[in-house]
Amino acid sequence: MSNLTIPHPRALILGALFMLLACDDGPSSGDPLTQAEAEALIVATATLTTGDSEPLHSSVDSIVYACPAGGRVKQVGSLTERDEGSVSRLTVDAVITPADCMVKMDEATFTLDGDPSIRFVMHVDVRDQNITTLELTGIIGGTLKYKVENRTGVCPINTQFSAVPDLSTGDLTLDGELTGTVCGHTVKLDIMDVLPPLPID
């Protein structure tokens, strides 16, 4: 097993991603998030895995990045690889902990803190080292504290996703969905609304 910090989502498509964690309720103020805001929040959460800027701090198994609009996010992860016959499995397991981390999504700016954190776990299976056979499955879970406008609250996240590659456009994209619950809302999103395409060089 080797340690790994979570890379940009484009690398995650090839590298891997899954999330899991228990949820706790907490105090809140103001109206709860709307359906659209909950969907924006899960996408904002995915942006916390980017790490495409210079790190503020790094160690053997963790790294700290500045968030897009202020604050910080700490990423701790591990990578395991194993072969099972003709199938190669890559698993990434990472804990993402934001601290006053500000992310702008559409018209809303979320300030996110871990409560205690988000966990990503992803399995990527490839048969015969052929990218067209890739199968990606995973979960995104945990609990975040959020602030948006004059509202605060605690958002439990319990989602799962699965996808296969789609090369029809000349880009490596994923055909699949992310489903589950975010902040009490049932969500169903195209996986590419959460993870961006990876251009093929």
# chains A, B, ... in the order shown; residues from 1 in each chain; ligands from 1
$ residues_around --residues "Leu90 of chain A" --least-positions-apart "3" --cutoff "6 Å" --atoms "only C-alpha atoms" --output "PyMOL selection string"
chain A and resi 80-81+123-124
$ write_last_selection --atoms "N, CA, C and O atoms" --output "short mmCIF file (atom, residue, chain, number, x, y, z; two decimals), in the first residue's frame"
data_model
loop_
_atom_site.label_atom_id
_atom_site.label_comp_id
_atom_site.auth_asym_id
_atom_site.auth_seq_id
_atom_site.Cartn_x
_atom_site.Cartn_y
_atom_site.Cartn_z
N THR A 80 -4.34 1.65 -3.37
CA THR A 80 -3.98 0.23 -3.43
C THR A 80 -4.27 -0.29 -4.83
O THR A 80 -5.24 0.12 -5.48
N GLU A 81 -3.44 -1.20 -5.29
CA GLU A 81 -3.62 -1.83 -6.59
C GLU A 81 -3.49 -3.34 -6.43
O GLU A 81 -2.64 -3.81 -5.67
N HIS A 123 -13.38 2.57 -6.55
CA HIS A 123 -12.78 1.39 -7.18
C HIS A 123 -12.88 1.54 -8.70
O HIS A 123 -13.94 1.86 -9.23
N VAL A 124 -11.78 1.31 -9.37
CA VAL A 124 -11.77 1.30 -10.82
C VAL A 124 -11.25 -0.06 -11.28
O VAL A 124 -10.13 -0.46 -10.94
#
$ closest_atom_pairs --of "segment 41-140 of chain A" --to "segment 180-187 of chain A" --cutoff "10 Å" --atoms "only C-alpha atoms" --output "JSON lines"
{"residue": "A:Leu41", "atom": "CA", "partner": "A:Val182", "partner_atom": "CA", "distance": 8.1}
{"residue": "A:Ile42", "atom": "CA", "partner": "A:Val182", "partner_atom": "CA", "distance": 7.1}
{"residue": "A:Ile139", "atom": "CA", "partner": "A:Gly180", "partner_atom": "CA", "distance": 9.3}
{"residue": "A:Ile140", "atom": "CA", "partner": "A:Gly180", "partner_atom": "CA", "distance": 9.1}
$ write_last_selection --atoms "N, CA and C atoms" --output "PDB file, in the first residue's frame"
ATOM      1  N   LEU A  41     -24.184  21.919  -3.891  1.00  0.00           N
ATOM      2  CA  LEU A  41     -23.254  21.623  -2.805  1.00  0.00           C
ATOM      3  C   LEU A  41     -22.486  20.329  -3.063  1.00  0.00           C
ATOM      4  N   ILE A  42     -23.131  19.308  -3.611  1.00  0.00           N
ATOM      5  CA  ILE A  42     -22.399  18.066  -3.868  1.00  0.00           C
ATOM      6  C   ILE A  42     -21.372  18.273  -4.968  1.00  0.00           C
ATOM      7  N   ILE A 139     -18.831   5.512  -3.685  1.00  0.00           N
ATOM      8  CA  ILE A 139     -19.732   6.203  -2.784  1.00  0.00           C
ATOM      9  C   ILE A 139     -19.094   7.511  -2.335  1.00  0.00           C
ATOM     10  N   ILE A 140     -19.916   8.491  -2.053  1.00  0.00           N
ATOM     11  CA  ILE A 140     -19.487   9.785  -1.532  1.00  0.00           C
ATOM     12  C   ILE A 140     -20.312  10.019  -0.273  1.00  0.00           C
TER      13      ILE A 140
END
$ select_by_dssp --residues "chain A" --states "alpha helix (DSSP H)" --output "list in words"
Pro9, Arg10, Ala11, Leu12, Ile13, Leu14, Gly15, Gln35, Ala36, Glu37, Ala38, Glu39, Ala40, Leu41, Ile42, Val43, Ala44, Thr45, Ala46, Thr47, Ile191, Met192, Asp193 and Val194 of chain A
$ residues_around --residues "Thr111 of chain A" --least-positions-apart "5" --cutoff "6 Å" --atoms "only C-alpha atoms" --output "PyMOL selection string"
chain A and resi 100-102+146-147
$ atom_distance --atom1 "atom CA of Ile131 of chain A" --atom2 "atom CA of Pro165 of chain A"
7.6 Å
$ closest_residue --among "A:Ala38, A:Leu167, A:Val92, A:Leu56" --to "Leu144 of chain A" --atoms "only C-alpha atoms"
A:Ala38
$ select_by_dssp --residues "chain A" --states "strand (DSSP E or B)" --output "JSON, numbers by chain"
{"A": [2, 3, 29, 57, 58, 62, 63, 64, 65, 66, 72, 73, 74, 75, 76, 77, 78, 79, 80, 81, 82, 83, 84, 87, 88, 89, 90, 91, 92, 93, 94, 95, 96, 97, 98, 99, 101, 102, 103, 104, 105, 108, 109, 110, 111, 112, 113, 114, 115, 116, 117, 118, 119, 120, 121, 122, 123, 124, 125, 126, 127, 135, 136, 137, 138, 139, 140, 141, 142, 143, 144, 145, 146, 147, 148, 151, 152, 153, 154, 155, 156, 157, 158, 159, 160, 161, 162, 163, 164, 165, 166, 171, 172, 173, 174, 175, 176, 177, 178, 179, 180, 181, 182, 185, 186, 187, 188, 189, 190, 198, 199]}
$ atom_distance --atom1 "atom CA of Ala69 of chain A" --atom2 "atom CA of Phe110 of chain A"
9.4 Å
$ closest_atom_pairs --of "segment 25-96 of chain A" --to "segment 175-178 of chain A" --cutoff "12 Å" --atoms "only C-alpha atoms" --output "Markdown table"
| residue | atom | partner | partner_atom | distance |
| --- | --- | --- | --- | --- |
| A:Glu39 | CA | A:Leu178 | CA | 10.6 |
| A:Ile42 | CA | A:Leu178 | CA | 10.0 |
| A:Val43 | CA | A:Leu178 | CA | 10.6 |
| A:Ala46 | CA | A:Leu178 | CA | 11.7 |
$ atom_distance --atom1 "atom CA of Asp128 of chain A" --atom2 "atom CA of Asp93 of chain A"
23.6 Å
$ residues_around --residues "Arg127 of chain A" --least-positions-apart "4" --cutoff "9 Å" --atoms "only C-alpha atoms" --output "PyMOL selection string"
chain A and resi 85-89+131-135
$ write_last_selection --atoms "N, CA, C and O atoms" --output "mmCIF file, in the first residue's frame"
data_model
loop_
_atom_site.group_PDB
_atom_site.id
_atom_site.type_symbol
_atom_site.label_atom_id
_atom_site.label_comp_id
_atom_site.auth_asym_id
_atom_site.auth_seq_id
_atom_site.Cartn_x
_atom_site.Cartn_y
_atom_site.Cartn_z
ATOM 1 N N GLY A 85 -6.705 -12.055 -11.748
ATOM 2 C CA GLY A 85 -6.771 -12.637 -13.074
ATOM 3 C C GLY A 85 -6.503 -11.573 -14.117
ATOM 4 O O GLY A 85 -5.491 -10.872 -14.075
ATOM 5 N N SER A 86 -7.437 -11.413 -15.048
ATOM 6 C CA SER A 86 -7.274 -10.422 -16.107
ATOM 7 C C SER A 86 -7.770 -9.034 -15.695
ATOM 8 O O SER A 86 -7.679 -8.081 -16.465
ATOM 9 N N VAL A 87 -8.315 -8.930 -14.478
ATOM 10 C CA VAL A 87 -8.879 -7.657 -14.014
ATOM 11 C C VAL A 87 -7.915 -6.970 -13.055
ATOM 12 O O VAL A 87 -7.452 -7.571 -12.079
ATOM 13 N N SER A 88 -7.611 -5.711 -13.358
ATOM 14 C CA SER A 88 -6.800 -4.885 -12.472
ATOM 15 C C SER A 88 -7.732 -3.950 -11.707
ATOM 16 O O SER A 88 -8.592 -3.302 -12.311
ATOM 17 N N ARG A 89 -7.556 -3.891 -10.392
ATOM 18 C CA ARG A 89 -8.402 -3.022 -9.564
ATOM 19 C C ARG A 89 -7.534 -1.981 -8.887
ATOM 20 O O ARG A 89 -6.535 -2.299 -8.238
ATOM 21 N N ILE A 131 -8.921 0.368 -21.706
ATOM 22 C CA ILE A 131 -9.698 1.439 -21.092
ATOM 23 C C ILE A 131 -11.183 1.318 -21.399
ATOM 24 O O ILE A 131 -12.031 1.755 -20.626
ATOM 25 N N THR A 132 -11.532 0.674 -22.531
ATOM 26 C CA THR A 132 -12.944 0.562 -22.884
ATOM 27 C C THR A 132 -13.694 -0.382 -21.960
ATOM 28 O O THR A 132 -14.925 -0.385 -21.948
ATOM 29 N N THR A 133 -12.960 -1.191 -21.171
ATOM 30 C CA THR A 133 -13.613 -2.114 -20.242
ATOM 31 C C THR A 133 -13.728 -1.523 -18.838
ATOM 32 O O THR A 133 -14.197 -2.191 -17.921
ATOM 33 N N LEU A 134 -13.298 -0.283 -18.669
ATOM 34 C CA LEU A 134 -13.282 0.337 -17.342
ATOM 35 C C LEU A 134 -14.665 0.331 -16.698
ATOM 36 O O LEU A 134 -15.665 0.658 -17.339
ATOM 37 N N GLU A 135 -14.705 -0.043 -15.439
ATOM 38 C CA GLU A 135 -15.926 0.054 -14.632
ATOM 39 C C GLU A 135 -15.578 0.795 -13.355
ATOM 40 O O GLU A 135 -14.673 0.404 -12.620
#
